[in-house]
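Report on one structure; see the data block that follows.
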Amino acid sequence: MLDGVLAALAPAALAFGVVGVVVGIVFGAIPGLTATLAIALFVPVTFAMEPANGLIMLGGIYAGAIFGGSISAVLINVPGTPASIITGWEGHAMARQGQAPYALGLAAVSSGVGGLVSALVMLFLAPVVARLALTFGPAEFVALLVFSLVVVVVMLETPLARNLAGCAIGLALGTIGLDPVNGVPRFTFGVADLASGLNLVAVLIGFFCMTQALVLAREAAQGARRVELAFGGVRGAWRVLATVVSHFRTYLRACSVGLFLGVMPAIGPESTPFVAHAVEKRFSREPERFGRGSPAGLLAAEASVSANVGGSLIPLLSLGIPGSGAAAMFIGALTLHGLRPGPLLFTERGDVVYAFLGGFVVANLAMMLIGLFAIRYFAVALLVPKGVIASFVALFSLFGAYAVNNSLFDVGVMFAAAALALALRAVSIPILPVVLALILGGLLEENLVVFAITVPTLEALLARPIAVALFAVTALILALTVWRRVPGHPRFG
Amino acid sequence: MARLAILLLLAGVVGALGWLSLGIAGGAGLYPRIVIGAALILLAATAVAELRRRPALGEADPELAALVSASGGGAGRTIGFLAVWLAHPLAMPVAGFLLATTAALAASLLLLGARRRWLAVLGACVFTLLLSLAMRLVIYVPVPAVGLDEALDRLLFALRAGRG
């Protein structure tokens with residue numbers, strides 16, 4: 001292990017790690033260009049490199065791309081990646097209060113902390129954690145997915161019926177396409193582009209980017225003024241560092257949530273910040289600040305996403321099971337370099353694996369340094385006139401929706417999603433449950449079908465204690481929320 | 001009243017999907033029927049709450065209120081901005097990526113009050129050309145190619161052939 005970690009500290013490995021982070025940040029910051037796409041494009045580039053250096057660069061790209069989406073999310077409320085939606089919620093509220101440099105610094109350092117924790121867990125506990133993931137069957141997955149949806153539904157301050165309506169609408173949208181069990185087309189209207197369901201990236205760009213382009217265009221048309229920025233110099237870095245240190249428990253909770261969901265196959269980083277943010281709000285002494293520019297909410301979202309990234313690599317390296325789309329791209333990279341992911345990887349090619357894990361630590365440290373001393377200056381983007389920003393956000397929204405499948409149909413889906421988002425906002429149905437339900441809906445339906453077949457009786461369910469515990473906690477949270485919102489209760493309203 | 005109309009429209013679309021789900025063969029229709037049924041019930045509960053209170057459009061959402069408000073000026077330009085970007089994907093197969101995108105970007109910048117008009121047009125031309133090159137040479141995203149795009153492809157091919 002030590003030899004591998006030392007190999008990651010070689011100048012070439014360090015350089016590739018940092019280059020990977022920078023490339024990843026650029027890709028992540030552009031809506032529609034995802035971590036998966038960045039890794040896919042750079043896998044062939046690593047072919048001529050030493051395997052460890054190539055993997056370190058790809059690890060840096062993965063970590064950087066997941067964070068990069070947060071830059072545009074904080075500055076103009078346009079999430080560069082689906083994983084940055086909550087960051088946009090909290091970070092942009094801080095930016096509107098003139099704290100954009102502070103929010104950017106916090107986001108970058110928190111992303112680094114989350115990645116660092118997951119890298120350390122990977123270094124020391126990967127085989128153990130991977131075995132835990134294998135104990136999860138359809139019953140546990142259904143319980144976990146229902147828990148994730150309920151946690152987000154009860155966290156929002158809007159009336160429960162509206163949150164649940166948003167959730168049901170998201171689940172309904174997720175049923176468009178071929179039925180996952182029988183392959184029967186549902187709501188496709190004979191359109192071949194709908195057979196594989198709605199393009200998630202196009203929908204999310206419509207929900208968050210195109211609507212924001214319209215808001216920015218309206219502000220520009222009304223002659224909105226530019227914001228004033230305070231970068232804070234070295235004192236700004238100290239402020240970020242002090243906030244980070246004072247939120248030790250927030251990081252512990254967010255990283256645990258991120259790692260846990262990352263290790264679970266098929267639960268990508270997109271849904272993680274929703275759950276981490278909701279959990280943190282439950283523990284916070286200032287829950288009323290959540291959604292209005294809460295540093296704790298921002299830290300929790302960013303750290304959980306990065307922890308999820310590392311977590312998704314654990315089953316990949318230990319068992320050969322990718323935890324997310326981007327992690328699946330790593331299988332291609334490993335195979336390209338003659339490595340076979342699985343239980344024997346750590347013993348047969350420990351030198352490369354531990355060098356990669358060491359490099360992942362270095363990449364996240366680099367991200368923290370960028371966060372402390374450089375990323376705040378990205379806030380100068382706010383000095384660009386809003387009309388220019390609105391025009392480019394609209395262009396990249398179209399381009400991002402188109403580029404996923406090279407399909408103009410997806411651009412239409414993006415516009416339809418933007419119209420739906422505006423309609424939902426108009427009637428105060430929150431968009432977050434819609435998004436989470438849409439992301440998790442397909443997985444929920446697949447596992448529900450297998451769950452119904454493999455766990456036909458209550459006795460069979462009681463034999464699965466993890467699922468029972470998760471169902472019980474979910475029911476308790478839902479019951480408590482309903483009770484607290486009953487008129488007459490002190491916490492009603 | 002506008003909120004209630006939007007809510008009824010949403011319920012109508014969801015109801016139509018529910019109606020269609022009745023025609024889905026076998027067990028494939030069960031799950032959609034359950035979630036769509038739940039959505040309809042919850043939308044109905046929301047509509048009842050709306051009828052009791054009747055809040056204004058954008059009451060708790062200042063951004064939305066500003067977006068749909070006719071006051072404050074610039075509503076025409078915002079609609080123009082939306083029209084430009086709605087027309088862009090329709091124009092691309094006819095005019096090609098380069099021409100359609102340059103025109104849309106320049107029109108959008110001018111509509112939203114770019115101070116130096118010549119700079120907006122020049123910037124749109126240069127940016128679209130760079131984006132087009134990046135899509136051809138770096139990220140390999142094929143876009144509708146007509147006229148100028150084909151000329152660019154021929155130029156790149158000739159440059160490569162000359163180098164080879």
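Labels used: A, B, ... for chains in the order of the structure tokens, numbers from 1 for residues in each chain, and numbers from 1 for ligands as shown.
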
Exercise. Given a cut-off of 6 Å, which residues of chain B touch chain A, counting only C-alpha atoms, written out as a list in words?
Worked result: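 Taking only C-alpha atoms into account, Arg3, Ala28, Val35, Ile36, Ala39, Leu42, Gly58, Gly73, Gly74, Thr78, Ser108 and Leu112 of chain B sit within 6 Å of chain A.
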
Residues just named, written with C-alpha atoms as a compact mmCIF listing (two decimals), in the first residue's frame:
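Printed below is again-v2.txt as written:
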# COMPACT_ATOMS: atom_id res chain seq x y z
CA ARG B 3 -53.10 29.41 -10.32
CA ALA B 28 -46.91 -3.01 -17.26
CA VAL B 35 -48.56 6.74 -9.25
CA ILE B 36 -50.83 8.66 -11.63
CA ALA B 39 -50.85 12.37 -8.37
CA LEU B 42 -52.95 15.02 -4.42
CA GLY B 58 -46.02 34.17 -7.76
CA GLY B 73 -40.82 47.08 -18.74
CA GLY B 74 -38.92 44.65 -20.91
CA THR B 78 -38.15 38.71 -22.69
CA SER B 108 -30.40 37.33 -28.12
CA LEU B 112 -31.14 42.02 -24.05

For this session: Fewer than 6 positions away in the same chain doesn't count, so skip those; otherwise give me all residues within 8 Å of segment 118-123 of chain B, counting only C-alpha atoms, as a list in words.
Result: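 Non-adjacent residues within range: Thr102, Ala106, Leu109 and Leu110 of chain B.
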